[in-house]
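Peer 1: Dropping in protein.pdb, with PDB, C-alpha atoms and all ligand atoms.
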```pdb
MODEL        1
ATOM      1  CA  MET J 400     -96.713 124.608 120.057
ATOM      2  CA  THR J 401     -95.915 122.530 123.103
ATOM      3  CA  GLY J 402     -97.455 119.474 124.693
ATOM      4  CA  THR J 403     -97.650 115.837 123.769
ATOM      5  CA  PRO J 404     -97.356 115.306 120.056
ATOM      6  CA  VAL J 405    -100.351 113.723 118.416
ATOM      7  CA  TYR J 406     -99.447 111.070 115.926
ATOM      8  CA  ASP J 407    -101.745 111.511 112.990
ATOM      9  CA  SER J 408     -99.596 109.303 110.852
ATOM     10  CA  VAL J 409     -96.875 106.785 111.516
ATOM     11  CA  THR J 410     -94.273 105.683 108.995
ATOM     12  CA  HIS J 411     -92.719 102.245 109.261
ATOM     13  CA  ASP J 412     -89.821 100.712 107.424
ATOM     14  CA  VAL J 413     -90.977  97.285 106.383
ATOM     15  CA  PRO J 414     -88.584  94.648 105.048
ATOM     16  CA  VAL J 415     -89.668  93.020 101.803
ATOM     17  CA  ILE J 416     -88.442  90.204  99.656
ATOM     18  CA  VAL J 417     -87.862  90.706  95.958
ATOM     19  CA  LYS J 418     -88.515  87.761  93.695
ATOM     20  CA  GLY J 419     -87.307  87.510  90.139
ATOM     21  CA  GLY J 420     -87.411  84.508  87.864
ATOM     22  CA  MET J 421     -87.950  80.922  88.954
ATOM     23  CA  GLU J 422     -84.251  80.028  89.223
ATOM     24  CA  THR J 423     -82.870  83.158  90.856
ATOM     25  CA  PRO J 424     -82.870  83.363  94.654
ATOM     26  CA  SER J 425     -84.908  86.239  96.052
ATOM     27  CA  THR J 426     -83.204  89.326  97.449
ATOM     28  CA  ALA J 427     -84.017  91.799 100.177
ATOM     29  CA  GLY J 428     -85.426  95.277 100.103
ATOM     30  CA  SER J 429     -87.426  97.633 102.226
ATOM     31  CA  VAL J 430     -90.397  99.928 101.798
ATOM     32  CA  LYS J 431     -91.765 102.798 103.826
ATOM     33  CA  ILE J 432     -95.409 102.357 104.743
ATOM     34  CA  ILE J 433     -97.428 105.220 106.176
ATOM     35  CA  THR J 434    -100.424 104.537 108.398
ATOM     36  CA  TRP J 435    -102.961 107.282 109.055
ATOM     37  CA  SER J 436    -105.155 107.587 112.114
ATOM     38  CA  LYS J 437    -108.923 107.759 111.637
ATOM     39  CA  LYS J 438    -108.823 111.463 112.530
ATOM     40  CA  GLU J 439    -106.122 112.186 109.981
ATOM     41  CA  ARG J 440    -107.923 110.161 107.277
ATOM     42  CA  THR J 441    -111.074 112.183 107.891
ATOM     43  CA  ARG J 442    -109.101 115.428 107.788
ATOM     44  CA  ARG J 443    -107.384 114.493 104.514
ATOM     45  CA  ALA J 444    -110.667 113.348 102.977
ATOM     46  CA  LEU J 445    -112.528 116.520 103.998
ATOM     47  CA  LYS J 446    -109.680 118.667 102.671
ATOM     48  CA  MET J 447    -109.900 116.947  99.284
ATOM     49  CA  LEU J 448    -113.693 117.234  99.253
ATOM     50  CA  GLY J 449    -113.440 120.931 100.134
ATOM     51  CA  ALA J 450    -110.835 121.559  97.434
ATOM     52  CA  CYS J 451    -112.894 119.833  94.723
ATOM     53  CA  TRP J 452    -116.091 121.644  95.693
ATOM     54  CA  ALA J 453    -114.299 125.000  95.985
ATOM     55  CA  VAL J 454    -112.930 124.636  92.454
ATOM     56  CA  GLY J 455    -116.374 123.425  91.353
ATOM     57  CA  LEU J 456    -118.010 126.520  92.820
ATOM     58  CA  PHE J 457    -115.488 128.752  91.089
ATOM     59  CA  CYS J 458    -116.220 127.010  87.765
ATOM     60  CA  VAL J 459    -119.877 128.103  88.002
ATOM     61  CA  ILE J 460    -118.823 131.484  86.604
ATOM     62  CA  LEU J 461    -117.075 129.980  83.581
ATOM     63  CA  PRO J 462    -119.331 129.887  80.530
ATOM     64  CA  VAL J 463    -120.080 126.601  78.728
ATOM     65  CA  ILE J 464    -117.457 124.394  80.451
ATOM     66  CA  HIS J 465    -119.235 124.765  83.776
ATOM     67  CA  PHE J 466    -121.810 122.256  82.490
ATOM     68  CA  VAL J 467    -119.064 119.632  82.653
ATOM     69  CA  LEU J 468    -116.782 120.916  85.390
ATOM     70  CA  VAL J 469    -119.316 121.719  88.093
ATOM     71  CA  PRO J 470    -121.051 118.312  88.285
ATOM     72  CA  GLY J 471    -117.731 116.589  87.466
ATOM     73  CA  LEU J 472    -115.907 118.153  90.387
ATOM     74  CA  PHE J 473    -118.903 117.617  92.657
ATOM     75  CA  ILE J 474    -118.800 113.876  91.919
ATOM     76  CA  ALA J 475    -114.974 113.768  91.958
ATOM     77  CA  GLY J 476    -115.026 115.289  95.445
ATOM     78  CA  ILE J 477    -117.256 112.497  96.703
ATOM     79  CA  VAL J 478    -115.184 109.804  94.973
ATOM     80  CA  PHE J 479    -111.885 111.151  96.370
ATOM     81  CA  PHE J 480    -113.492 111.546  99.791
ATOM     82  CA  SER J 481    -114.592 107.919  99.974
ATOM     83  CA  ASN J 482    -111.222 106.732  98.648
ATOM     84  CA  LEU J 483    -109.198 108.714 101.161
ATOM     85  CA  ILE J 484    -111.383 107.898 104.148
ATOM     86  CA  SER J 485    -110.976 104.174 103.557
ATOM     87  CA  GLN J 486    -107.256 104.401 102.778
ATOM     88  CA  GLU J 487    -105.520 103.462 105.998
ATOM     89  CA  THR J 488    -102.054 102.792 104.671
ATOM     90  CA  LEU J 489     -99.936 103.642 101.661
ATOM     91  CA  VAL J 490     -96.586 102.409 100.429
ATOM     92  CA  LEU J 491     -94.522 105.570 100.038
ATOM     93  CA  GLY J 492     -91.828 103.801  98.097
ATOM     94  CA  GLY J 493     -88.683 101.902  98.830
ATOM     95  CA  LYS J 494     -85.575 100.251  97.562
ATOM     96  CA  GLY J 495     -84.629  96.758  96.677
ATOM     97  CA  GLU J 496     -81.909  94.752  95.035
ATOM     98  CA  CYS J 497     -82.774  93.159  91.728
ATOM     99  CA  PRO J 498     -82.377  89.384  91.967
ATOM    100  CA  GLU J 499     -81.491  89.211  88.259
ATOM    101  CA  CYS J 500     -78.800  91.889  87.838
ATOM    102  CA  HIS J 501     -78.088  92.796  91.505
ATOM    103  CA  GLN J 502     -78.511  96.505  90.890
ATOM    104  CA  SER J 503     -80.553  98.489  93.350
ATOM    105  CA  PHE J 504     -83.903  99.710  92.049
ATOM    106  CA  ALA J 505     -86.637 101.961  93.361
ATOM    107  CA  ILE J 506     -89.947 100.545  94.490
ATOM    108  CA  SER J 507     -92.649 102.969  93.465
ATOM    109  CA  ARG J 508     -95.358 104.508  95.604
ATOM    110  CA  GLY J 509     -98.590 102.577  95.607
ATOM    111  CA  LYS J 510    -101.284 100.770  97.492
ATOM    112  CA  ASP J 511    -100.355  98.648 100.491
ATOM    113  CA  ARG J 512    -101.251  95.450  98.713
ATOM    114  CA  PHE J 513     -98.742  92.670  98.378
ATOM    115  CA  PRO J 514     -97.305  91.168  96.279
ATOM    116  CA  MET J 515     -96.489  94.297  94.285
ATOM    117  CA  ALA J 516     -95.267  94.155  90.707
ATOM    118  CA  GLU J 517     -92.210  96.172  89.738
ATOM    119  CA  VAL J 518     -89.871  96.329  86.761
ATOM    120  CA  CYS J 519     -86.105  96.576  87.319
ATOM    121  CA  GLU J 520     -84.727  99.860  85.982
ATOM    122  CA  SER J 521     -81.468  98.224  84.897
ATOM    123  CA  CYS J 522     -82.407  94.924  83.286
ATOM    124  CA  ARG J 523     -86.186  95.319  82.778
ATOM    125  CA  ALA J 524     -86.841  92.087  84.662
ATOM    126  CA  ASN J 525     -90.355  91.648  86.027
ATOM    127  CA  LEU J 526     -90.088  91.472  89.784
ATOM    128  CA  SER J 527     -92.532  90.593  92.480
ATOM    129  CA  ILE J 528     -92.253  92.327  95.838
ATOM    130  CA  ASP J 529     -93.739  90.582  98.829
ATOM    131  CA  LYS J 530     -93.706  90.825 102.593
ATOM    132  CA  PRO J 531     -91.863  88.086 104.448
ATOM    133  CA  GLU J 532     -94.292  85.726 106.203
ATOM    134  CA  SER J 533     -93.380  87.048 109.658
ATOM    135  CA  VAL J 534     -94.380  90.634 108.843
ATOM    136  CA  ARG J 535     -97.846  89.789 107.539
ATOM    137  CA  PRO J 536    -100.621  90.839 109.886
TER     138      PRO J 536
HETATM  139 ZN    ZN J 601     -82.276  94.033  87.272
ENDMDL
END
```
Rewrite the structure from the file as structure tokens, please.
Peer 2:
Amino acid sequence: MTGTPVYDSVTHDVPVIVKGGMETPSTAGSVKIITWSKKERTRRALKMLGACWAVGLFCVILPVIHFVLVPGLFIAGIVFFSNLISQETLVLGGKGECPECHQSFAISRGKDRFPMAEVCESCRANLSIDKPESVRP
């Protein structure tokens, strides 16, 4: 396919600060944040709705369990649809340096809501991941 590419999603590297205990100075890290366009959100949401309802339709032929699965998947489709359509951004994950033990640790995938809570893989310290003031919208 040729022509101008359409950006359905954009991924940004966003710097974050990692805070440990009260006495330790915070360290730096970065996360990847994906932002979906309205079109792409709708597409993803419809795909999920279609998948849930398709499996739900298939379950109609299954004896007994279809009483649970068919309405369950019907409702699940609607729930996933409304979640995905309102989800504009997602933290795909990232890396940071632990302020306590100075080992690098992985920041897990999750909602784009800061501060995020994370546990250091090396020293089990409870860390708080936040955006620097300048990056906040
Ligand atoms: Zn640590």
Peer 1: Compare J:Thr488, J:Val518, J:Ala475, J:Phe466 by their minimum atom-to-atom distance to Trp435 of chain J, counting all atoms listed in the file, and give me the closest one.
Peer 2: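 Closest residue, counting all atoms listed in the file: J:Thr488.
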Peer 1: Would you compute the distance between atom CA of Leu445 of chain J and atom CA of Gln486 of chain J? Give it in Å to one decimal.
Peer 2: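 Result for atom CA of Leu445 of chain J versus atom CA of Gln486 of chain J: 13.3 Å, one decimal.
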Peer 1: Could you list, as a compact mmCIF listing (two decimals) with C-alpha atoms, in the frame of the given file, all the residues within 10 Å of ligand ZN 601 (chain J), counting all atoms listed in the file?
Peer 2:
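Ended up saving to result_2.txt:
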```
# COMPACT_ATOMS: atom_id res chain seq x y z
CA GLY J 419 -87.31 87.51 90.14
CA GLU J 496 -81.91 94.75 95.04
CA CYS J 497 -82.77 93.16 91.73
CA PRO J 498 -82.38 89.38 91.97
CA GLU J 499 -81.49 89.21 88.26
CA CYS J 500 -78.80 91.89 87.84
CA HIS J 501 -78.09 92.80 91.50
CA GLN J 502 -78.51 96.50 90.89
CA SER J 503 -80.55 98.49 93.35
CA PHE J 504 -83.90 99.71 92.05
CA VAL J 518 -89.87 96.33 86.76
CA CYS J 519 -86.10 96.58 87.32
CA GLU J 520 -84.73 99.86 85.98
CA SER J 521 -81.47 98.22 84.90
CA CYS J 522 -82.41 94.92 83.29
CA ARG J 523 -86.19 95.32 82.78
CA ALA J 524 -86.84 92.09 84.66
CA ASN J 525 -90.36 91.65 86.03
CA LEU J 526 -90.09 91.47 89.78
```
Peer 1: Name the closest residue to Ser429 of chain J among the candidates J:Val413, J:Val454, J:Ile506, J:Val469; distances are taken between atoms, counting all atoms listed in the file.
Peer 2: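 So, comparing all the options, the nearest one is J:Val413.
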Peer 1: Given only C-alpha atoms as the basis, pick out the residue of J:Phe480, J:Thr426, J:Ile464, J:Ser436 nearest to Ala450 of chain J.
Peer 2: J:Phe480
